[in-house]
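Participant: This is the structure I want to talk about, given as structure tokens.
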Amino acid sequence: TIIESSCGGLISSSLMSVPGSSRVYFGGTIAYSTKRAGKLLCGDADLHDRLLNSTSAASSDDDNDNYSTKMGSMIINAEEHLSEETKAYIQSKVKWTREAALSYCKHMDTDFAIAEGGATGPTFRPAGMKTGFAVLAIAGRRNGHDDVEILAQKLVLSTHGDRELNMRLYADAAAELCVAAMKIANPSMEMTTEQQPDECISEDTNNEQNVQSAKVTDKHYLDRSSHLRSNTDAMKELFNRSDAKHVIVKGSSEVMFGSDDQLSLHTMEDPLLGTLFETEDAKKEALDNRTFLGRLDDEQTPLFALFLPEDTNIASSDSNSVSSYFASTRSRAPMLSALHNEIALTATAYVNWR
């Protein structure tokens, strides 16, 4: 189960966009305003009080507060540029996510619970805060144990105040942390991503919960550009861009891969596209019916989903080494990089919606 705040449901929707997710995902809560979200919190008035208390300046001597203070200090003190007010605010989210993840995992009797809380922008409190952040916590049970504990906790520091990009940044970070938490809970589990848990989670010598601080500066991202979708002139220009990239979707559940961790993205002039269509008219029809997904990276390169029939095959040619291949989004998307995972899930969700 999932309880999220500043992501606004993006973590849940990313998970639900994968076909078959109903077998593992029960549901979740968006508690955007802690003060007003009491009735949304599993009907647990005590949890509501604890979350409210975690966002206040009041201190407490109970073990949970002492633990949260200790763990929060570990991930905040390294960021010397932060004001004391900002550190205190982040500290409150360390405790908030811990309390929420533990309670939801117990209430829902799930294997794992993800909690997220932070700030996305473009305006922030306290005053002087210019960039976004999120604290993520994952509670669960270790293999062979009944007690629920915090398996991993992570601070994500953004480099900007772009609301939509930050929401996506935090959701991607939650997915990566979830993989690491699952490995901690069950060390014998076979990993399905290149990233190993010990690369993103640091364990202290007392075998206490795992905490991470990460500043994400990766320049690769997908800007959904929702504001352009109703702008006819802007969309026409994007559709006609010769450098526009395409993720190719076959049927309702397969996308084209270029390697195990990257999709195969193509321009309209790419020779490979010609091998996918029997006639130029078929190619033109597919291009006319593609769906705009957003713009890539700082270059703002248009990205589209190109939909093909279920029986489409990649034919070899002199200019095509046939290194690309179709594979199931459901089984192979977890192996992709964070950006390409998002692209694959978004494109597959669109074709199923259509």
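Going through the structure tokens in order, the chains are called A, B, and so on, while each chain numbers its residues from 1 and the ligands are numbered from 1 in the order shown.
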Would you list the contacts of Gly128 of chain A as a list of chain:residue names, taking every protein, DNA or RNA residue within 12 Å and counting only C-alpha atoms, but skipping same-chain residues closer than 2 positions in sequence?
Facilitator: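 The filter keeps A:His81, A:Leu82, A:Ser83, A:Glu84, A:Glu85, A:Thr86, A:Lys87, A:Thr123, A:Phe124, A:Arg125, A:Pro126, A:Lys130, A:Thr131, A:Gly132.
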Participant: As a ChimeraX atom specification, please: all residues of segment 93-177 of chain A that backbone DSSP puts in strand (DSSP E).
Facilitator: /A:112-119,133-140,149-157
Participant: Neighbours of Asp49 of chain A within 10 Å (only C-alpha atoms; same-chain residues fewer than 5 positions away dropped), as a ChimeraX atom specification?
Facilitator: /A:34-35,38,44,54
Participant: As an exercise, work out the distance from atom CA of Ala45 of chain A to atom CA of Phe26 of chain A in Å and give it to one decimal place.
Facilitator: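 Straight-line distance from atom CA of Ala45 of chain A to atom CA of Phe26 of chain A works out to 21.5 Å.
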Participant: Please return as JSON, numbers by chain: the residues of segment 1-198 of chain A that backbone DSSP assigns to helix (DSSP H, G or I).
Facilitator: {"A": [10, 11, 12, 13, 14, 15, 16, 21, 22, 23, 34, 35, 36, 38, 39, 40, 45, 46, 47, 48, 49, 50, 51, 52, 53, 54, 63, 64, 65, 66, 67, 68, 69, 70, 71, 72, 73, 74, 75, 76, 84, 85, 86, 87, 88, 89, 90, 91, 92, 93, 94, 95, 96, 97, 98, 99, 100, 101, 102, 103, 104, 105, 106, 107, 108, 163, 164, 165, 166, 167, 168, 169, 170, 171, 172, 173, 174, 175, 176, 177, 178, 179, 180, 181, 182, 183, 184, 185, 197, 198]}
Participant: From the options A:Leu308, A:Ile314, A:Leu228, A:Leu10, which residue's atoms come nearest to Gly251 of chain A, counting only C-alpha atoms?
Facilitator: A:Leu308
Participant: Given the choices A:Cys105, A:Leu41, A:Leu276, A:Leu155, which gets closest to Ala134 of chain A if the distance is worked out from only C-alpha atoms?
Facilitator: A:Leu155
Participant: Give me the residues near Gln262 of chain A as a PyMOL selection string, where near means some atom within 12 Å (using only C-alpha atoms) and where sequence neighbours in that chain fewer than 3 positions away do not count.
Facilitator: chain A and resi 193-194+247+255-259+265+323-327+332-344
Participant: Excluding Gly28 of chain A and its own-chain neighbours fewer than 2 positions away, which residues fall within 12 Å of it when counting only C-alpha atoms? Please give them as a VMD selection string.
Facilitator: chain A and resid 1 to 5 8 to 13 15 to 16 25 to 26 30 to 31 40 to 42 100 to 101 104 to 105 107 to 108 110 112 to 116
Participant: Between atom CA of Cys7 of chain A and atom CA of Arg23 of chain A, what is the spacing in Å?
Facilitator: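 Between atom CA of Arg23 of chain A and atom CA of Cys7 of chain A the gap works out to 23.1 Å.
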Participant: What's the 12 Å shell around Asp288 of chain A, counting only C-alpha atoms, without same-chain residues fewer than 3 positions away, as a list in words?
Facilitator: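 Near neighbours after the sequence-gap exclusion: Lys236, Phe239, Asn240, Met268, Asp281, Ala282, Lys283, Lys284, Glu285, Thr291, Phe292, Phe304, Ala305, Leu306 and Phe307 of chain A.
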